[in-house]
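These notes are about the structure you will find just below.
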Amino acid sequence: MFGKSFWQGVLRDGAVLGLVMAASHLFESFMLYGDMALGKVSLIITIEMLAAAIFFVWYLYRSAKRRSMEMAPEQGFPYSVALSYIFILSILAGVLVGLSQIIYVGAIGGYGVYIEGIISRYEDMASLMPVDNSMFDQLIDQLSASEKPTVIQTIISSVNNYVIFGCIIGLIVAGVVRREPQKNTFEE
């Protein structure tokens with residue numbers, strides 16, 4: 001079940017899923033910390049996030065279903081193997097998204113510039129709120145004082161996000177794509 005073809009499939013599908021999710025994350029980061037008006041950015045990011053979530057679910061299903069069909073009928077595709085496949089895909093996607101985040105932060109001028117962009121957006125949001133902005137002020141103070149995360153912390157954070165979402169979806173998808181082993185009906 002976990003032979004060479006399993007690992008080839010999971011690495012191929014994980015790379016595709018990770019690259020698409022990394023591109024999605026980079027697009028969101030670019031839009032969120034750019035110069036566009038907050039209202040337009042919110043609409044664009046909402047649409048893009050919805051499209052990315054739909055793609056993520058569809059690709060998990062498609063990959064697991066293809067893997068299920070590749071298995072020999074005598075072996076089947078147990079629920080546990082399907083869930084493992086989806087879990088590993090989610091890990092790989094999280095690693096690639098974490099690496100893309102590191103590259104993005106480095107490309108825009110470093111962590112300080114990244115934090116300034118976040119603070120600028122939060123200040124834009126706070127100016128639209130007619131209520132007490134002490135929560136935003138506290139958040140801005142915490143962001144200003146935060147230390148740059150290490151490469152490992154960034155990747156682990158990204159992996160955690162993708163594993164949680166992937167496993168929740170995987171619980172359902174694995175049940176849909178699983179196949180019981182078929183016994184040979186011809187006895188000698």
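Ordered as shown in the structure tokens, chains take letters A, B, and onward, while each chain numbers its residues from 1 and ligands are numbered from 1 in the order shown.
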
Kindly assemble as a Markdown table a list of the segment 79-131 of chain A residues that lie within 6 Å of segment 143-164 of chain A, each paired with its nearest atom pair and their distance in Å to one decimal, using only C-alpha atoms, sorted first by chain and then by ascending residue number.
| residue | atom | partner | partner_atom | distance |
| --- | --- | --- | --- | --- |
| A:Ser90 | CA | A:Val163 | CA | 5.2 |
| A:Ile91 | CA | A:Val159 | CA | 5.5 |
| A:Gly94 | CA | A:Val159 | CA | 4.0 |
| A:Val95 | CA | A:Ile155 | CA | 5.6 |
| A:Gly98 | CA | A:Ile155 | CA | 4.3 |

Write the residues of the selection above to a file with N, CA, C and O atoms, as a tab-separated table (two decimals), in the first residue's frame.
chain	number	residue	atom	x	y	z
A	90	SER	N	-1.39	17.30	2.40
A	90	SER	CA	-1.56	18.55	3.15
A	90	SER	C	-0.25	19.03	3.76
A	90	SER	O	0.04	20.23	3.76
A	91	ILE	N	0.55	18.10	4.25
A	91	ILE	CA	1.86	18.47	4.79
A	91	ILE	C	2.74	19.09	3.71
A	91	ILE	O	3.35	20.14	3.91
A	94	GLY	N	1.60	22.53	2.82
A	94	GLY	CA	1.99	23.47	3.87
A	94	GLY	C	3.46	23.86	3.82
A	94	GLY	O	3.81	25.03	4.02
A	95	VAL	N	4.31	22.90	3.53
A	95	VAL	CA	5.75	23.18	3.42
A	95	VAL	C	6.01	24.16	2.28
A	95	VAL	O	6.73	25.15	2.43
A	98	GLY	N	4.76	27.62	3.17
A	98	GLY	CA	5.68	28.24	4.13
A	98	GLY	C	6.94	28.76	3.46
A	98	GLY	O	7.40	29.87	3.75

Under the rule of at most 9 Å, produce a per-residue listing of segment 19-39 of chain A near segment 116-134 of chain A: chain, number, name, the closest pair of atoms, and the distance in Å, as CSV, using only C-alpha atoms.
residue,atom,partner,partner_atom,distance
A:Leu32,CA,A:Arg121,CA,7.6
A:Tyr33,CA,A:Gly117,CA,5.2
A:Gly34,CA,A:Gly117,CA,7.8
A:Leu38,CA,A:Asp124,CA,7.4

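Between Ile169 of chain A and the residues A:Leu139, A:Leu99, A:Ala107, A:Leu89, the shortest atom-to-atom distance, using only C-alpha atoms, involves A:Leu89.
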
Check: Which of these residues is nearest to Arg66 of chain A, using only C-alpha atoms: A:Met21, A:Met135, A:Ile44, A:Val10?
Finding: A:Val10

Check: Which value, in Å to one decimal, gives the distance between atom CA of Trp58 of chain A and atom CA of Glu74 of chain A?
Finding: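 Answer for the atom CA of Trp58 of chain A to atom CA of Glu74 of chain A separation: 26.9 Å.
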
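Taking only C-alpha atoms into account, Ser80 of chain A lies nearest to A:Ile172 out of the set A:Ile172, A:Ile45, A:Ile108, A:Met36.
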
Checklist line | For Gln75 of chain A, the nearest of the candidates A:Glu180, A:Glu48, A:Asp35, A:Glu28, counting only C-alpha atoms | finding: A:Glu180

Check: Between A:Leu92, A:Leu43, A:Val173, A:Ile54, which has the minimum distance to Met31 of chain A (counting only C-alpha atoms)?
Finding: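 Result for the nearest residue to Met31 of chain A: A:Leu43.
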
Note to self: I want to know what sits within 7 Å of Ile86 of chain A, based on only C-alpha atoms, with residues of the same chain fewer than 6 positions away left out; could you give that as a PyMOL selection string?
What the structure shows: chain A and resi 60+64+166+170

Item checked: Which residue of A:Ala37, A:Phe55, A:Asp13, A:Ala82 approaches Ser68 of chain A most closely, using only C-alpha atoms -> A:Ala82

Notebook entry, point to check: Where does DSSP see alpha helix (DSSP H) in segment 3-160 of chain A, if you list the residues as a ChimeraX atom specification?
Noted result: /A:4-32,38-70,79-107,111-128,134-145,151-160
